[in-house]
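Trainee: Quick one: this structure, given as structure tokens, is what I'll be asking you about.
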Amino acid sequence: MAYDIETKCIHLEHKETTCDKSGAISFPIYQTATFAHLGLGQSTGYDYSRLQNPTREQVEKIVANLEGGVDAVAFSSGMSAIAAVMELFSPGDHLIVDEDLYGGSVRLFFSISSKNGVEITRVNLCKENPEPYIKENTKAIFIETPTNPMMNVMDIQKIAEITKKNHLLLIVDNTFLSPYFQTPLKLGADLVIHSGTKYLGGHNDTIAGFVVSGAEETAEKIRYIIKTTGAGLAPFDCWLILRGMKTLAVRMEKAQENAIQLANWLKERPEVVRVIYPGLEEHPGHEVMKKQASGFGGMLTFEVTSKALVEQILKKVKLIQFAESLGGVETLITYPLTQTHADVPPEDLAKNGITDRVLRLSVGIEHIKDLINDFEQAFG
Ligand SMILES: *Cc1c(COP(=O)(O)O)cnc(C)c1O
């Protein structure tokens, strides 16, 4: 019988990959570069850790199972996962990508992929139909939902209908919600990407990435790419992600509960011009999220009245840390303009509403009273 998601974060239905005979509950860290063969033509199934390692295999199986994919591959970072996906394309290929994306993805697309001859068109896929932008050489559509940092919501199923009709790949960066709240492959996506650094790891203690494939054909290609280019996640980091994922369900629930309360509290503050959280009924993507996800997550963005206030808040927060990244147990506040989105062209920042008054919050699992008290003293 298939397990429910909370159980899947901790256990595999089939434990055939447990190589350890000791009965260890925590999966062992196979800190080895290579594996011995018993004789010619004989193999334990492992040859060399760039190709595969038991600890990596375990974390990959858990992630594939959570996303409902045929395979997941663990990379040394979210960016190396996205860079590996870009190796699916050749010079002359064309991709359509959403306008509001993680800054690192924008940098990869326009400074590396473009140089390698991949043509990229940015479209506001939250508002616009991508069909008129599809050309002879278009190969894929790349989205995040909700987006970083403006929390725009894309209808995955609607876009998947278009990609299927036009024989394109739909690639979804699912970092913001994690498979606990959203499983894009089940909505018609072909590939799911994660920065495992964020919710999957959940403790701000390591960098990791995943590519999950919905079909064997792409899975094989991704396997070939990692084997060849070699950005596999190291055994100890695989173990950290395995450990982090065991509490994914409880962390996501608590972070969301705190996010809803903070969103409502921020809304009432005179210093706050707007709160962008898809869990709020007035959020334009609220209904689509209700349809395609089982929760709204722990990320929220808010705009304050002045840049001076931004400076004051970032200086005065004590419990809440002024730091990049998200998805950990600690609440972090980020200034997209100079941090995550520093390399995004100014005209795009303006178009997406990323002003010098916008702050992004990754809500952690602390007590809500302590978070509110910290903001109260920082605002005051
Ligand atoms: C952080 C992040 C990435 C990049 O992942 P790294 O692990 O930092 O390389 C990609 N996409 C999103 C949405 C992210 O938040």
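The chains in the structure tokens are called A, B, ... from first to last as shown; in each chain the residues are counted from 1, and the ligands are counted from 1 in the order shown.
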Based on the backbone DSSP call, show me all residues of region 199-290 of chain A assigned alpha helix (DSSP H), as a ChimeraX atom specification.
Mentor: /A:216-229,235-245,248-267,286-290
Trainee: Which of region 103-320 of chain A end up as strand (DSSP E or B) when DSSP is run on this backbone - answer as a PyMOL selection string?
Mentor: chain A and resi 119-123+138-144+169-173+191-195+209-213+232+272-276+299-304
Trainee: Once you have the residues from the selection above, write them out as a short mmCIF file (atom, residue, chain, number, x, y, z; two decimals), in the first residue's frame, restricted to C-alpha atoms.
Mentor:
```
data_model
loop_
_atom_site.label_atom_id
_atom_site.label_comp_id
_atom_site.auth_asym_id
_atom_site.auth_seq_id
_atom_site.Cartn_x
_atom_site.Cartn_y
_atom_site.Cartn_z
CA GLU A 119 17.63 31.50 -27.18
CA ILE A 120 15.46 32.58 -24.25
CA THR A 121 12.28 34.66 -24.20
CA ARG A 122 10.87 36.04 -20.98
CA VAL A 123 7.08 36.16 -20.79
CA THR A 138 10.90 26.15 -28.97
CA LYS A 139 11.70 23.22 -26.73
CA ALA A 140 10.51 24.04 -23.23
CA ILE A 141 8.73 26.36 -20.82
CA PHE A 142 10.34 27.08 -17.45
CA ILE A 143 8.36 28.38 -14.48
CA GLU A 144 8.31 28.75 -10.72
CA LEU A 169 8.90 20.16 -21.91
CA LEU A 170 7.35 21.88 -18.91
CA ILE A 171 10.00 22.49 -16.25
CA VAL A 172 8.81 23.62 -12.82
CA ASP A 173 11.08 24.89 -10.05
CA LEU A 191 10.62 17.96 -14.94
CA VAL A 192 10.69 19.31 -11.40
CA ILE A 193 13.64 21.18 -9.96
CA HIS A 194 14.48 21.81 -6.32
CA SER A 195 16.97 23.81 -4.48
CA GLY A 209 19.68 20.45 -5.71
CA PHE A 210 17.39 17.93 -7.38
CA VAL A 211 16.02 17.19 -10.82
CA VAL A 212 12.98 14.92 -10.81
CA SER A 213 11.82 13.39 -14.09
CA GLY A 232 26.58 14.95 -7.82
CA VAL A 272 3.13 48.18 5.56
CA VAL A 273 1.73 49.15 2.16
CA ARG A 274 0.93 45.61 0.98
CA VAL A 275 1.40 42.00 1.95
CA ILE A 276 1.81 39.44 -0.82
CA MET A 299 7.10 32.53 2.04
CA LEU A 300 5.69 36.02 2.04
CA THR A 301 6.69 39.37 0.60
CA PHE A 302 5.72 42.79 1.90
CA GLU A 303 6.24 46.38 0.93
CA VAL A 304 6.83 49.10 3.48
#
```
Trainee: Which residue, A:Pro270, A:Pro130, A:Pro54, A:Pro336, has the smallest gap to ligand 1 when you use only C-alpha atoms and all ligand atoms?
Mentor: A:Pro336
Trainee: Dump the neighbourhood of ligand 1 as a ChimeraX atom specification: all residues within 8 Å, distances computed on only C-alpha atoms and all ligand atoms.
Mentor: /A:76-82,101-102,104-105,144,147-148,173-176,193-198,207-209,325-326
Trainee: Excluding region 156-158 of chain A and any residue of its chain fewer than 4 positions from it, enumerate the residues within 12 Å of it, using only C-alpha atoms, and give them as a PyMOL selection string.
Mentor: chain A and resi 125-126+128-131+141-146+162-165+170-174+182-190+192+285+288-289+291-293
Trainee: Closest to Gly69 (chain A) among A:Val106, A:Ala215, A:Val250, A:Ala378, using only C-alpha atoms?
Mentor: A:Ala215
Trainee: Region 8-15 of chain A: which residues within 7 Å, counting only C-alpha atoms, same-chain residues fewer than 4 positions away excluded, as a PyMOL selection string?
Mentor: chain A and resi 2-4+62+66+245-246+248
Trainee: Enter the distance from CA of Asn65 (chain A) to CA of Gly295 (chain A), in Å, rounded to one decimal.
Mentor: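 Taking CA of Asn65 (chain A) and CA of Gly295 (chain A), their separation equals 19.1 Å.
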Trainee: Quick check, in Å to one decimal: how far apart do CA of Ala64 (chain A) and CA of Val97 (chain A) lie?
Mentor: 24.1 Å
Trainee: Would you mind telling me which residue in A:Phe35, A:Phe27, A:Tyr335, A:Phe181 lies nearest to Thr55 (chain A) when using only C-alpha atoms?
Mentor: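 Ranking A:Phe35, A:Phe27, A:Tyr335, A:Phe181 by distance to Thr55 (chain A), first place goes to A:Phe27.
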Trainee: Give me, please, the distance in Å between CA of Glu220 (chain A) and CA of Leu88 (chain A), quoted to one decimal.
Mentor: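 Taking CA of Glu220 (chain A) as the start and CA of Leu88 (chain A) as the end point, the length is 11.0 Å.
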Trainee: Hey, what's within 8 Å of Gly92 (chain A) if we count only C-alpha atoms and toss same-chain stuff fewer than 6 positions away? As a CSV table (one decimal) with C-alpha atoms, in the first residue's frame, please?
Mentor:
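Saved file out-v6.csv follows:
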```csv
chain,number,residue,atom,x,y,z
A,117,GLY,CA,23.4,29.4,-28.2
A,118,VAL,CA,20.1,28.8,-26.4
A,119,GLU,CA,17.6,31.5,-27.2
A,137,ASN,CA,12.7,25.8,-32.3
```
